[in-house]
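Q: Below is the file upload.csv, with CSV, C-alpha atoms.
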chain,number,residue,atom,x,y,z
A,1251,MET,CA,-50.4,-19.8,-33.8
A,1252,ALA,CA,-52.6,-20.8,-36.7
A,1253,VAL,CA,-52.8,-18.2,-39.5
A,1254,ASP,CA,-56.2,-17.7,-41.0
A,1255,PHE,CA,-56.2,-17.2,-44.7
A,1256,ARG,CA,-59.9,-16.8,-45.1
A,1257,LEU,CA,-60.8,-13.7,-47.0
A,1258,PRO,CA,-63.0,-11.5,-44.9
A,1259,ALA,CA,-66.6,-11.5,-46.3
A,1260,SER,CA,-66.7,-7.7,-46.1
A,1261,VAL,CA,-63.7,-7.6,-48.6
A,1262,ALA,CA,-65.0,-10.3,-50.9
A,1263,THR,CA,-68.4,-8.5,-51.3
A,1264,PHE,CA,-66.8,-5.1,-51.6
A,1265,LEU,CA,-65.0,-6.1,-54.8
A,1266,ASP,CA,-66.9,-6.4,-58.1
A,1267,SER,CA,-65.0,-9.5,-59.2
A,1268,PRO,CA,-62.4,-11.9,-57.9
A,1269,THR,CA,-58.7,-12.0,-59.0
A,1270,PRO,CA,-58.4,-14.1,-62.1
A,1271,GLU,CA,-57.0,-17.6,-61.5
A,1272,GLU,CA,-54.4,-16.9,-64.2
A,1273,TRP,CA,-52.9,-14.1,-62.2
A,1274,LEU,CA,-52.5,-16.5,-59.2
A,1275,ASP,CA,-50.9,-19.2,-61.4
A,1276,GLU,CA,-48.4,-16.6,-62.7
A,1277,ALA,CA,-47.7,-15.1,-59.3
A,1278,VAL,CA,-46.4,-18.4,-57.8
A,1279,LYS,CA,-43.9,-18.6,-60.7
A,1280,ARG,CA,-42.8,-15.0,-60.3
A,1281,LEU,CA,-42.2,-14.6,-56.6
A,1282,PRO,CA,-39.1,-12.3,-56.8
A,1283,GLU,CA,-41.1,-9.8,-59.0
A,1284,MET,CA,-44.1,-10.2,-56.7
A,1285,LEU,CA,-42.1,-9.3,-53.6
A,1286,LEU,CA,-40.3,-6.4,-55.4
A,1287,ASP,CA,-43.5,-4.9,-56.5
A,1288,HIS,CA,-45.2,-5.6,-53.2
A,1289,ALA,CA,-42.4,-3.6,-51.5
A,1290,ASN,CA,-43.1,-0.8,-53.9
A,1291,CYS,CA,-46.8,-0.9,-53.2
A,1292,GLU,CA,-46.3,-0.7,-49.5
A,1293,LEU,CA,-44.1,2.4,-49.9
A,1294,LYS,CA,-46.6,4.0,-52.3
A,1295,ALA,CA,-49.4,3.2,-49.8
A,1296,ALA,CA,-47.4,5.1,-47.1
A,1297,SER,CA,-46.9,8.0,-49.5
A,1298,THR,CA,-50.6,8.1,-50.4
A,1299,ALA,CA,-51.5,8.2,-46.7
A,1300,LEU,CA,-49.0,11.0,-46.1
A,1301,ALA,CA,-50.5,13.0,-49.0
A,1302,PHE,CA,-53.7,13.2,-47.0
A,1303,LEU,CA,-51.7,14.8,-44.2
A,1304,TYR,CA,-50.4,17.5,-46.5
A,1305,ARG,CA,-53.7,18.1,-48.3
A,1306,TYR,CA,-56.0,18.1,-45.3
A,1307,PRO,CA,-53.9,19.1,-42.4
A,1308,ASP,CA,-56.8,20.7,-40.5
A,1309,ARG,CA,-58.7,17.4,-40.2
A,1310,SER,CA,-57.4,16.1,-37.0
A,1311,ASN,CA,-59.0,12.6,-37.0
A,1312,LEU,CA,-58.1,12.0,-40.6
A,1313,VAL,CA,-54.5,13.2,-40.0
A,1314,GLN,CA,-54.0,11.0,-36.9
A,1315,ARG,CA,-55.4,7.9,-38.7
A,1316,MET,CA,-53.5,8.4,-41.9
A,1317,SER,CA,-50.2,9.0,-40.1
A,1318,ARG,CA,-50.7,5.7,-38.2
A,1319,LEU,CA,-51.7,4.0,-41.5
A,1320,ALA,CA,-48.5,5.4,-43.1
A,1321,ARG,CA,-46.4,3.9,-40.2
A,1322,GLU,CA,-48.1,0.5,-40.6
A,1323,GLU,CA,-47.4,0.5,-44.4
A,1324,LEU,CA,-43.8,1.4,-43.8
A,1325,ARG,CA,-43.5,-1.5,-41.3
A,1326,HIS,CA,-44.8,-3.8,-44.0
A,1327,PHE,CA,-42.4,-2.3,-46.5
A,1328,GLU,CA,-39.5,-3.0,-44.1
A,1329,GLN,CA,-40.7,-6.6,-43.6
A,1330,VAL,CA,-41.0,-7.3,-47.4
A,1331,ARG,CA,-37.5,-5.8,-47.9
A,1332,ALA,CA,-36.1,-8.0,-45.1
A,1333,ILE,CA,-37.7,-11.1,-46.7
A,1334,MET,CA,-36.1,-10.1,-50.0
A,1335,ASP,CA,-32.7,-9.8,-48.3
A,1336,ASP,CA,-33.2,-13.2,-46.7
A,1337,LEU,CA,-34.1,-14.7,-50.1
A,1338,GLU,CA,-31.2,-12.8,-51.7
A,1339,ILE,CA,-33.6,-11.1,-54.2
A,1340,PRO,CA,-31.7,-8.1,-55.4
A,1341,PHE,CA,-33.5,-4.7,-55.6
A,1342,GLU,CA,-34.5,-3.7,-59.2
A,1343,ARG,CA,-36.5,-0.8,-60.3
A,1344,LEU,CA,-39.9,-1.9,-61.7
A,1345,THR,CA,-42.2,0.1,-63.9
A,1346,ALA,CA,-45.5,0.9,-62.2
A,1347,SER,CA,-48.5,-1.2,-63.3
A,1348,ARG,CA,-51.5,0.4,-65.0
A,1349,TYR,CA,-53.6,-0.3,-61.9
A,1350,ALA,CA,-53.0,2.7,-59.5
A,1351,ALA,CA,-52.6,5.2,-62.4
A,1352,GLY,CA,-55.9,3.9,-63.9
A,1353,LEU,CA,-57.7,4.4,-60.6
A,1354,ARG,CA,-56.1,7.8,-60.1
A,1355,ASP,CA,-57.3,8.9,-63.5
A,1356,ALA,CA,-60.8,8.1,-62.5
A,1357,ALA,CA,-60.7,10.5,-59.5
A,1358,ARG,CA,-62.4,13.8,-59.8
A,1359,ARG,CA,-60.4,17.0,-59.3
A,1360,GLU,CA,-62.7,19.3,-57.3
A,1361,GLU,CA,-63.6,19.1,-53.6
A,1362,PRO,CA,-65.4,17.6,-51.9
A,1363,HIS,CA,-65.3,14.9,-54.7
A,1364,LYS,CA,-61.6,14.8,-54.8
A,1365,LEU,CA,-61.4,13.7,-51.1
A,1366,LEU,CA,-64.3,11.3,-51.5
A,1367,ASP,CA,-62.7,9.6,-54.6
A,1368,SER,CA,-59.3,9.5,-53.0
A,1369,LEU,CA,-60.7,7.7,-50.0
A,1370,LEU,CA,-62.8,5.3,-52.0
A,1371,ILE,CA,-59.9,4.5,-54.3
A,1372,GLY,CA,-57.8,3.9,-51.2
A,1373,ALA,CA,-60.5,1.5,-49.9
A,1374,LEU,CA,-60.5,-0.4,-53.2
A,1375,ILE,CA,-56.7,-0.8,-53.4
A,1376,GLU,CA,-56.6,-2.1,-49.8
A,1377,ALA,CA,-59.5,-4.5,-50.4
A,1378,ARG,CA,-57.8,-5.8,-53.6
A,1379,SER,CA,-54.5,-6.2,-51.8
A,1380,CYS,CA,-56.2,-8.1,-49.0
A,1381,GLU,CA,-58.0,-10.4,-51.5
A,1382,ARG,CA,-54.7,-11.2,-53.3
A,1383,PHE,CA,-52.9,-11.8,-50.0
A,1384,ALA,CA,-55.7,-14.3,-49.0
A,1385,LYS,CA,-55.6,-16.1,-52.3
A,1386,ILE,CA,-51.9,-16.3,-52.8
A,1387,ALA,CA,-50.9,-17.2,-49.2
A,1388,PRO,CA,-52.0,-20.9,-49.3
A,1389,ARG,CA,-49.8,-21.4,-52.5
A,1390,LEU,CA,-46.6,-19.9,-51.0
A,1391,PRO,CA,-43.7,-21.5,-49.1
A,1392,ASP,CA,-44.1,-21.7,-45.4
A,1393,LYS,CA,-42.4,-18.4,-44.2
A,1394,LEU,CA,-44.0,-16.3,-47.0
A,1395,ARG,CA,-47.4,-17.9,-46.4
A,1396,ARG,CA,-47.4,-16.8,-42.7
A,1397,PHE,CA,-46.2,-13.4,-43.7
A,1398,TYR,CA,-49.0,-12.9,-46.3
A,1399,GLY,CA,-51.5,-14.4,-43.9
A,1400,GLY,CA,-50.5,-11.8,-41.3
A,1401,LEU,CA,-50.8,-8.9,-43.7
A,1402,LEU,CA,-54.3,-9.9,-44.6
A,1403,ALA,CA,-55.8,-8.7,-41.3
A,1404,SER,CA,-54.1,-5.3,-41.5
A,1405,GLU,CA,-55.2,-4.7,-45.1
A,1406,ALA,CA,-58.8,-5.6,-44.2
A,1407,ARG,CA,-58.7,-3.0,-41.4
A,1408,HIS,CA,-57.2,-0.4,-43.7
A,1409,PHE,CA,-60.0,-1.0,-46.2
A,1410,GLU,CA,-62.5,-0.4,-43.4
A,1411,HIS,CA,-60.9,2.8,-42.2
A,1412,TYR,CA,-60.9,4.2,-45.8
A,1413,VAL,CA,-64.6,3.4,-46.2
A,1414,ALA,CA,-65.4,4.9,-42.7
A,1415,PHE,CA,-63.6,8.1,-43.6
A,1416,ALA,CA,-65.4,8.4,-46.9
A,1417,LYS,CA,-68.6,8.4,-44.9
A,1418,SER,CA,-67.5,10.7,-42.0
A,1419,GLU,CA,-65.1,13.2,-43.7
A,1420,CYS,CA,-66.9,14.1,-46.9
A,1421,ASP,CA,-69.7,16.4,-47.1
A,1422,VAL,CA,-71.6,14.2,-49.6
A,1423,ASP,CA,-74.8,12.3,-48.9
A,1424,ASP,CA,-74.8,8.5,-48.5
A,1425,ALA,CA,-76.7,7.8,-51.7
A,1426,GLU,CA,-74.2,9.7,-53.7
A,1427,ILE,CA,-71.3,8.0,-52.0
A,1428,ASP,CA,-72.8,4.6,-52.8
A,1429,ALA,CA,-73.4,5.5,-56.4
A,1430,ARG,CA,-69.8,6.7,-56.8
A,1431,LEU,CA,-68.5,3.6,-55.1
A,1432,GLU,CA,-70.3,1.4,-57.7
A,1433,THR,CA,-68.7,3.4,-60.5
A,1434,LEU,CA,-65.2,3.1,-59.0
A,1435,LYS,CA,-65.7,-0.6,-58.3
A,1436,SER,CA,-66.4,-1.2,-62.0
A,1437,VAL,CA,-63.3,0.8,-63.0
A,1438,GLU,CA,-61.2,-1.3,-60.5
A,1439,ALA,CA,-62.7,-4.6,-61.7
A,1440,ALA,CA,-62.0,-3.7,-65.3
A,1441,LEU,CA,-58.4,-2.8,-64.5
A,1442,ILE,CA,-57.7,-6.2,-63.0
A,1443,ALA,CA,-59.6,-8.1,-65.7
A,1444,GLU,CA,-57.6,-6.7,-68.6
A,1445,PRO,CA,-54.5,-8.7,-69.6
A,1446,ASP,CA,-51.1,-7.3,-68.8
A,1447,THR,CA,-47.8,-8.0,-70.5
A,1448,GLU,CA,-45.9,-7.2,-67.3
A,1449,PHE,CA,-46.5,-9.0,-64.1
A,1450,ARG,CA,-47.1,-6.8,-61.1
A,1451,PHE,CA,-48.9,-7.1,-57.7
A,1452,HIS,CA,-52.0,-5.4,-59.1
A,1453,SER,CA,-51.7,-6.5,-62.7
A,1454,GLY,CA,-54.3,-8.3,-64.8
A,1455,PRO,CA,-53.9,-11.9,-66.0
A,1456,PRO,CA,-51.0,-12.6,-68.4
A,1457,PRO,CA,-52.0,-12.2,-72.1
B,1267,MET,CA,-39.6,8.7,-14.0
B,1268,ALA,CA,-37.3,11.7,-14.0
B,1269,VAL,CA,-36.7,13.3,-17.4
B,1270,ASP,CA,-33.1,14.3,-18.2
B,1271,PHE,CA,-32.9,17.6,-20.1
B,1272,ARG,CA,-29.2,17.7,-20.4
B,1273,LEU,CA,-28.0,18.3,-23.9
B,1274,PRO,CA,-25.8,15.3,-25.0
B,1275,ALA,CA,-22.2,16.5,-25.3
B,1276,SER,CA,-22.0,14.9,-28.7
B,1277,VAL,CA,-24.8,17.2,-29.9
B,1278,ALA,CA,-23.4,20.4,-28.2
B,1279,THR,CA,-20.0,19.9,-29.8
B,1280,PHE,CA,-21.4,19.1,-33.2
B,1281,LEU,CA,-23.1,22.5,-33.6
B,1282,ASP,CA,-20.9,25.5,-34.3
B,1283,SER,CA,-22.9,27.8,-32.1
B,1284,PRO,CA,-25.7,27.6,-29.5
B,1285,THR,CA,-29.3,28.8,-30.0
B,1286,PRO,CA,-29.5,32.5,-29.3
B,1287,GLU,CA,-31.1,33.2,-25.9
B,1288,GLU,CA,-33.4,35.7,-27.7
B,1289,TRP,CA,-35.0,32.8,-29.6
B,1290,LEU,CA,-35.7,30.9,-26.3
B,1291,ASP,CA,-37.2,34.0,-24.8
B,1292,GLU,CA,-39.5,34.4,-27.8
B,1293,ALA,CA,-40.4,30.7,-27.9
B,1294,VAL,CA,-41.9,30.6,-24.4
B,1295,LYS,CA,-44.2,33.5,-25.5
B,1296,ARG,CA,-45.2,31.8,-28.8
B,1297,LEU,CA,-46.0,28.2,-27.7
B,1298,PRO,CA,-49.0,27.7,-30.2
B,1299,GLU,CA,-46.8,28.7,-33.1
B,1300,MET,CA,-43.9,26.6,-31.8
B,1301,LEU,CA,-46.1,23.5,-31.6
B,1302,LEU,CA,-47.7,24.2,-35.0
B,1303,ASP,CA,-44.3,24.5,-36.6
B,1304,HIS,CA,-42.9,21.6,-34.7
B,1305,ALA,CA,-45.6,19.4,-36.1
B,1306,ASN,CA,-44.7,20.6,-39.6
B,1307,CYS,CA,-41.1,19.8,-38.9
B,1308,GLU,CA,-41.8,16.3,-37.8
B,1309,LEU,CA,-43.9,15.7,-40.9
B,1310,LYS,CA,-41.1,17.1,-43.1
B,1311,ALA,CA,-38.5,15.0,-41.4
B,1312,ALA,CA,-40.6,11.9,-42.2
B,1313,SER,CA,-40.9,13.0,-45.8
B,1314,THR,CA,-37.1,13.6,-46.0
B,1315,ALA,CA,-36.4,10.1,-44.6
B,1316,LEU,CA,-38.8,8.7,-47.3
B,1317,ALA,CA,-37.1,10.6,-50.0
B,1318,PHE,CA,-33.9,8.5,-49.3
B,1319,LEU,CA,-36.0,5.4,-49.9
B,1320,TYR,CA,-37.1,6.6,-53.3
B,1321,ARG,CA,-33.7,7.9,-54.3
B,1322,TYR,CA,-31.5,5.1,-53.1
B,1323,PRO,CA,-33.8,2.0,-53.1
B,1324,ASP,CA,-31.0,-0.4,-53.7
B,1325,ARG,CA,-29.2,0.4,-50.4
B,1326,SER,CA,-30.8,-2.0,-48.0
B,1327,ASN,CA,-29.3,-0.7,-44.7
B,1328,LEU,CA,-30.1,2.9,-45.5
B,1329,VAL,CA,-33.6,2.0,-46.7
B,1330,GLN,CA,-34.4,0.0,-43.5
B,1331,ARG,CA,-33.0,2.7,-41.2
B,1332,MET,CA,-34.7,5.6,-43.0
B,1333,SER,CA,-38.0,3.8,-43.0
B,1334,ARG,CA,-37.8,3.3,-39.3
B,1335,LEU,CA,-36.8,6.9,-38.9
B,1336,ALA,CA,-39.8,8.0,-40.9
B,1337,ARG,CA,-42.0,6.0,-38.6
B,1338,GLU,CA,-40.5,7.6,-35.5
B,1339,GLU,CA,-40.9,11.1,-36.9
B,1340,LEU,CA,-44.6,10.3,-37.8
B,1341,ARG,CA,-45.2,9.1,-34.2
B,1342,HIS,CA,-43.8,12.4,-32.9
B,1343,PHE,CA,-46.0,14.3,-35.4
B,1344,GLU,CA,-49.0,12.5,-34.1
B,1345,GLN,CA,-48.0,13.3,-30.5
B,1346,VAL,CA,-47.5,17.0,-31.2
B,1347,ARG,CA,-50.9,17.1,-33.0
B,1348,ALA,CA,-52.5,15.4,-30.0
B,1349,ILE,CA,-51.0,17.9,-27.6
B,1350,MET,CA,-52.3,20.7,-29.9
B,1351,ASP,CA,-55.8,19.2,-29.8
B,1352,ASP,CA,-55.6,18.9,-26.0
B,1353,LEU,CA,-54.5,22.6,-25.7
B,1354,GLU,CA,-57.2,23.5,-28.3
B,1355,ILE,CA,-54.6,25.1,-30.6
B,1356,PRO,CA,-56.3,25.1,-34.0
B,1357,PHE,CA,-54.4,24.1,-37.1
B,1358,GLU,CA,-53.1,26.9,-39.3
B,1359,ARG,CA,-50.9,26.8,-42.3
B,1360,LEU,CA,-47.5,28.4,-41.6
B,1361,THR,CA,-45.0,29.5,-44.1
B,1362,ALA,CA,-41.7,27.5,-44.0
B,1363,SER,CA,-38.7,29.1,-42.3
B,1364,ARG,CA,-35.5,30.1,-44.2
B,1365,TYR,CA,-33.7,27.3,-42.3
B,1366,ALA,CA,-34.4,24.1,-44.2
B,1367,ALA,CA,-34.4,25.9,-47.6
B,1368,GLY,CA,-31.1,27.6,-46.7
B,1369,LEU,CA,-29.5,24.2,-45.9
B,1370,ARG,CA,-31.0,22.5,-49.0
B,1371,ASP,CA,-29.6,25.3,-51.2
B,1372,ALA,CA,-26.1,24.5,-49.8
B,1373,ALA,CA,-26.4,20.8,-50.9
B,1374,ARG,CA,-24.5,19.8,-54.0
B,1375,ARG,CA,-26.4,18.2,-56.9
B,1376,GLU,CA,-24.1,15.4,-58.2
B,1377,GLU,CA,-23.5,12.0,-56.6
B,1378,PRO,CA,-21.8,10.9,-54.4
B,1379,HIS,CA,-21.8,14.5,-53.0
B,1380,LYS,CA,-25.6,14.8,-53.1
B,1381,LEU,CA,-26.1,11.8,-50.8
B,1382,LEU,CA,-23.3,13.0,-48.5
B,1383,ASP,CA,-24.6,16.5,-48.2
B,1384,SER,CA,-28.2,15.2,-47.7
B,1385,LEU,CA,-27.0,13.0,-44.8
B,1386,LEU,CA,-24.9,15.7,-43.2
B,1387,ILE,CA,-27.7,18.2,-43.5
B,1388,GLY,CA,-30.0,15.7,-41.9
B,1389,ALA,CA,-27.6,15.3,-39.0
B,1390,LEU,CA,-27.4,19.1,-38.5
B,1391,ILE,CA,-31.2,19.5,-38.5
B,1392,GLU,CA,-31.6,16.7,-36.0
B,1393,ALA,CA,-28.8,18.0,-33.8
B,1394,ARG,CA,-30.2,21.5,-33.8
B,1395,SER,CA,-33.7,20.2,-33.0
B,1396,CYS,CA,-32.2,18.2,-30.1
B,1397,GLU,CA,-30.4,21.3,-28.8
B,1398,ARG,CA,-33.6,23.4,-29.0
B,1399,PHE,CA,-35.6,20.7,-27.2
B,1400,ALA,CA,-33.0,20.5,-24.4
B,1401,LYS,CA,-32.9,24.3,-24.0
B,1402,ILE,CA,-36.6,25.0,-24.2
B,1403,ALA,CA,-37.8,22.0,-22.1
B,1404,PRO,CA,-37.0,23.5,-18.7
B,1405,ARG,CA,-39.0,26.6,-19.5
B,1406,LEU,CA,-42.2,24.8,-20.5
B,1407,PRO,CA,-45.3,23.8,-18.5
B,1408,ASP,CA,-45.1,20.4,-16.9
B,1409,LYS,CA,-46.7,18.2,-19.7
B,1410,LEU,CA,-44.9,19.9,-22.5
B,1411,ARG,CA,-41.6,19.8,-20.5
B,1412,ARG,CA,-41.8,16.0,-20.2
B,1413,PHE,CA,-42.7,15.6,-23.9
B,1414,TYR,CA,-39.8,17.7,-25.1
B,1415,GLY,CA,-37.5,16.0,-22.7
B,1416,GLY,CA,-38.5,12.7,-24.2
B,1417,LEU,CA,-38.0,13.8,-27.8
B,1418,LEU,CA,-34.5,14.9,-26.9
B,1419,ALA,CA,-33.2,11.3,-26.7
B,1420,SER,CA,-34.7,10.3,-30.1
B,1421,GLU,CA,-33.3,13.3,-31.9
B,1422,ALA,CA,-29.9,12.6,-30.5
B,1423,ARG,CA,-30.1,9.1,-31.8
B,1424,HIS,CA,-31.3,10.3,-35.2
B,1425,PHE,CA,-28.4,12.7,-35.4
B,1426,GLU,CA,-26.0,9.9,-34.8
B,1427,HIS,CA,-27.6,7.7,-37.4
B,1428,TYR,CA,-27.2,10.4,-40.0
B,1429,VAL,CA,-23.6,10.9,-39.2
B,1430,ALA,CA,-22.9,7.1,-39.3
B,1431,PHE,CA,-24.6,6.8,-42.7
B,1432,ALA,CA,-22.6,9.7,-44.1
B,1433,LYS,CA,-19.5,7.7,-43.2
B,1434,SER,CA,-20.7,4.2,-44.2
B,1435,GLU,CA,-22.8,4.9,-47.3
B,1436,CYS,CA,-20.8,7.5,-49.2
B,1437,ASP,CA,-17.9,6.7,-51.3
B,1438,VAL,CA,-16.0,9.8,-50.1
B,1439,ASP,CA,-12.9,9.7,-47.9
B,1440,ASP,CA,-13.1,10.7,-44.2
B,1441,ALA,CA,-11.0,13.9,-44.6
B,1442,GLU,CA,-13.3,15.2,-47.3
B,1443,ILE,CA,-16.4,14.3,-45.2
B,1444,ASP,CA,-14.9,16.2,-42.2
B,1445,ALA,CA,-14.1,19.3,-44.4
B,1446,ARG,CA,-17.6,19.3,-45.9
B,1447,LEU,CA,-19.1,19.0,-42.5
B,1448,GLU,CA,-17.2,22.1,-41.3
B,1449,THR,CA,-18.6,24.0,-44.2
B,1450,LEU,CA,-22.1,22.9,-43.6
B,1451,LYS,CA,-21.9,23.6,-39.9
B,1452,SER,CA,-21.0,27.2,-40.7
B,1453,VAL,CA,-23.9,27.5,-43.0
B,1454,GLU,CA,-26.2,26.1,-40.4
B,1455,ALA,CA,-24.8,28.4,-37.6
B,1456,ALA,CA,-25.3,31.5,-39.9
B,1457,LEU,CA,-28.9,30.5,-40.6
B,1458,ILE,CA,-29.8,30.4,-36.9
B,1459,ALA,CA,-27.8,33.6,-36.0
B,1460,GLU,CA,-29.6,35.8,-38.6
B,1461,PRO,CA,-32.7,37.6,-37.2
B,1462,ASP,CA,-36.1,36.4,-38.5
B,1463,THR,CA,-39.3,38.5,-38.7
B,1464,GLU,CA,-41.3,35.2,-38.4
B,1465,PHE,CA,-41.0,33.0,-35.4
B,1466,ARG,CA,-40.5,29.3,-36.3
B,1467,PHE,CA,-39.0,26.2,-34.7
B,1468,HIS,CA,-35.7,26.7,-36.6
B,1469,SER,CA,-35.8,30.5,-36.9
B,1470,GLY,CA,-33.2,33.0,-35.8
B,1471,PRO,CA,-33.6,35.5,-33.0
B,1472,PRO,CA,-36.4,38.1,-33.4
B,1473,PRO,CA,-35.2,41.3,-35.1
I'd like the structure from this file rewritten - as C-alpha cells, please.
A:
Amino acid sequence: MAVDFRLPASVATFLDSPTPEEWLDEAVKRLPEMLLDHANCELKAASTALAFLYRYPDRSNLVQRMSRLAREELRHFEQVRAIMDDLEIPFERLTASRYAAGLRDAARREEPHKLLDSLLIGALIEARSCERFAKIAPRLPDKLRRFYGGLLASEARHFEHYVAFAKSECDVDDAEIDARLETLKSVEAALIAEPDTEFRFHSGPPP
Amino acid sequence: MAVDFRLPASVATFLDSPTPEEWLDEAVKRLPEMLLDHANCELKAASTALAFLYRYPDRSNLVQRMSRLAREELRHFEQVRAIMDDLEIPFERLTASRYAAGLRDAARREEPHKLLDSLLIGALIEARSCERFAKIAPRLPDKLRRFYGGLLASEARHFEHYVAFAKSECDVDDAEIDARLETLKSVEAALIAEPDTEFRFHSGPPP
C-alpha cells in the first residue's frame, strides 16, 4: 500500500509558519533523539487527553473522545518504543523542550477560557506534529518513513477533533474563538522559529 | 454466546477473604453509584498503569505491557460511561473510598520495594475487582450482567500480569515476594471487611 506523505491542506493553512528547513536537516542527523523525544510526546499527549477526563468528567462527548484519543496516543507510544527496541536505541531521560511549556504558559486560567485555550493548544500541537511527520517522512529510512507516513493521518484527525471541540464545548462565540486562535497561532509560530540549543521533536532550528 | 461468571480459581485463592454478602446485597440496590464509582476505578486503573511508564521508562517490557493495560482500562471506562448514558445516570463526583488509599499507605517508599509493592497492590486490586464482577454479575439486569461477565476475564488477566511482573521485574527473591504478598493480602482483606458508611465499588459492608 502506498503511503501518502502529503501534508493535508487543512493542517498547512492552520499553522502560521512552516517548520524551518534547518530543523529538518538536523532531525535526519539525530534520529535516536528524535525517536526518544517522539515517544515522550506521545505519552504526554495521552496524559493531556486524560487530564480533560479528570477536569471535565461531566461532559460525556468530550470524555469519550478524549479517552479514545488517549488510547490512540498510547498505541503510537508503544509503536515508537518498539521501533527504538528494534533499532537498539536505549532509553534515556530527555529534558522537555520549551515548546509545550511555552504554549501552556499562554493558556488562560479561568473558565470557559481555560477549556478553550487547552483545546486550541491541543489542536496546534497536533497540527505541528502532523506537519513535521509529513516533512520528515520522505527523508527517513524505509521502515521509519512508512511509520511516520501512517501517523500523519491520525494526527490530522486529532487536530480536527480538538478544533471541533473548541467550537462545540466552549461557551464562547465564534468570533472570539477565531481571535484567540490567531493569538495562539502566533505564539506557536514564534516558539518553533526561535533557535534551540537542544534538539527535540518540537524544538526550533539549531543556533 | 454464553457468558461464564465463574470466578477463576486463581483469583479466589489469591484473595484472603471473599467479598461480604452484605456488600453484594447493597450493590444491587445502588447500581447508579456502583457504575459511577466503577467508571472512576477504570480511569484510576489507567492512570496507575501510566504512572509505571513515567516512573520506570527504561523497562521496555513493563512499559509496553502497562501501556496496553492502560488502553484496556480506558476502553472499559468508555464502556461504563456509555452504559451510564444509556441508563441516563448523570455524572456526579464521588469521594474516593478508603480502599485504594489504604493499600497505597501500605506500600514502601524505597526501591526495589516500592516497585514490588506497587505491582502486588495492582494485582490485589485487579483480583478483588474480578471477584466482585463475578459475584455481582448474576444479580444484575441482562445487559449489565453480560458486561460485567465480560470484564471478569480481562481483570483476571490483568491480575496475572501484575503478579508476573512482580516476579520478573523486581530484584527481590521469591521467598521475600511471597512473604510480602501475604502481608498485603491481610491489609487488603481487612480493608474490605471493615464497614463503610459510603457505598463504593471497593467499599466494605454497610454499617
Q: When the cut-off is 8 Å and we count all atoms listed in the file, which residues of chain A are near chain B, given as a PyMOL selection string?
A: chain A and resi 1307-1308+1310+1314+1317-1318+1320-1321+1324-1325+1328+1331+1340-1342
Q: How many Å lie between atom CA of B:Arg1405 and atom CA of B:Gly1368, rounded to one decimal?
A: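 Those two atoms sit 28.3 Å apart.
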Q: May I have the residues within 10 Å of B:Phe1413 as a list in words, using only C-alpha atoms and disregarding those fewer than 2 positions away in the same chain?
A: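 What passes the distance filter is Val1269, His1342, Gln1345, Val1346, Ile1349, Phe1399, Ala1403, Leu1406, Asp1408, Lys1409, Leu1410, Arg1411, Gly1415, Gly1416, Leu1417 and Leu1418 of chain B.
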Q: Keeping only C-alpha atoms, write the selected residues as a PDB file, in the frame of the given file.
A:
ATOM      1  CA  VAL B1269     -36.700  13.300 -17.400  1.00  0.00           C
ATOM      2  CA  HIS B1342     -43.800  12.400 -32.900  1.00  0.00           C
ATOM      3  CA  GLN B1345     -48.000  13.300 -30.500  1.00  0.00           C
ATOM      4  CA  VAL B1346     -47.500  17.000 -31.200  1.00  0.00           C
ATOM      5  CA  ILE B1349     -51.000  17.900 -27.600  1.00  0.00           C
ATOM      6  CA  PHE B1399     -35.600  20.700 -27.200  1.00  0.00           C
ATOM      7  CA  ALA B1403     -37.800  22.000 -22.100  1.00  0.00           C
ATOM      8  CA  LEU B1406     -42.200  24.800 -20.500  1.00  0.00           C
ATOM      9  CA  ASP B1408     -45.100  20.400 -16.900  1.00  0.00           C
ATOM     10  CA  LYS B1409     -46.700  18.200 -19.700  1.00  0.00           C
ATOM     11  CA  LEU B1410     -44.900  19.900 -22.500  1.00  0.00           C
ATOM     12  CA  ARG B1411     -41.600  19.800 -20.500  1.00  0.00           C
ATOM     13  CA  GLY B1415     -37.500  16.000 -22.700  1.00  0.00           C
ATOM     14  CA  GLY B1416     -38.500  12.700 -24.200  1.00  0.00           C
ATOM     15  CA  LEU B1417     -38.000  13.800 -27.800  1.00  0.00           C
ATOM     16  CA  LEU B1418     -34.500  14.900 -26.900  1.00  0.00           C
TER      17      LEU B1418
END
Q: Please list, as a ChimeraX atom specification, the residues that have an atom at most 12 Å away from (-53.2, -18.9, -64.7) in the coordinates of this file, counting only C-alpha atoms.
A: /A:1269-1280,1445,1449,1454-1457
Q: Go ahead and write the residues just picked, C-alpha atoms, as a PDB file, in the frame of the given file.
A:
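Below is the file result_14.pdb, written as the result:
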ATOM      1  CA  THR A1269     -58.700 -12.000 -59.000  1.00  0.00           C
ATOM      2  CA  PRO A1270     -58.400 -14.100 -62.100  1.00  0.00           C
ATOM      3  CA  GLU A1271     -57.000 -17.600 -61.500  1.00  0.00           C
ATOM      4  CA  GLU A1272     -54.400 -16.900 -64.200  1.00  0.00           C
ATOM      5  CA  TRP A1273     -52.900 -14.100 -62.200  1.00  0.00           C
ATOM      6  CA  LEU A1274     -52.500 -16.500 -59.200  1.00  0.00           C
ATOM      7  CA  ASP A1275     -50.900 -19.200 -61.400  1.00  0.00           C
ATOM      8  CA  GLU A1276     -48.400 -16.600 -62.700  1.00  0.00           C
ATOM      9  CA  ALA A1277     -47.700 -15.100 -59.300  1.00  0.00           C
ATOM     10  CA  VAL A1278     -46.400 -18.400 -57.800  1.00  0.00           C
ATOM     11  CA  LYS A1279     -43.900 -18.600 -60.700  1.00  0.00           C
ATOM     12  CA  ARG A1280     -42.800 -15.000 -60.300  1.00  0.00           C
ATOM     13  CA  PRO A1445     -54.500  -8.700 -69.600  1.00  0.00           C
ATOM     14  CA  PHE A1449     -46.500  -9.000 -64.100  1.00  0.00           C
ATOM     15  CA  GLY A1454     -54.300  -8.300 -64.800  1.00  0.00           C
ATOM     16  CA  PRO A1455     -53.900 -11.900 -66.000  1.00  0.00           C
ATOM     17  CA  PRO A1456     -51.000 -12.600 -68.400  1.00  0.00           C
ATOM     18  CA  PRO A1457     -52.000 -12.200 -72.100  1.00  0.00           C
TER      19      PRO A1457
END
Q: Rank A:Thr1345, A:Thr1263, A:Ser1379, A:Thr1298 by their smallest atom-to-atom distance to A:Lys1435, using only C-alpha atoms, and report the top residue only.
A: A:Thr1263
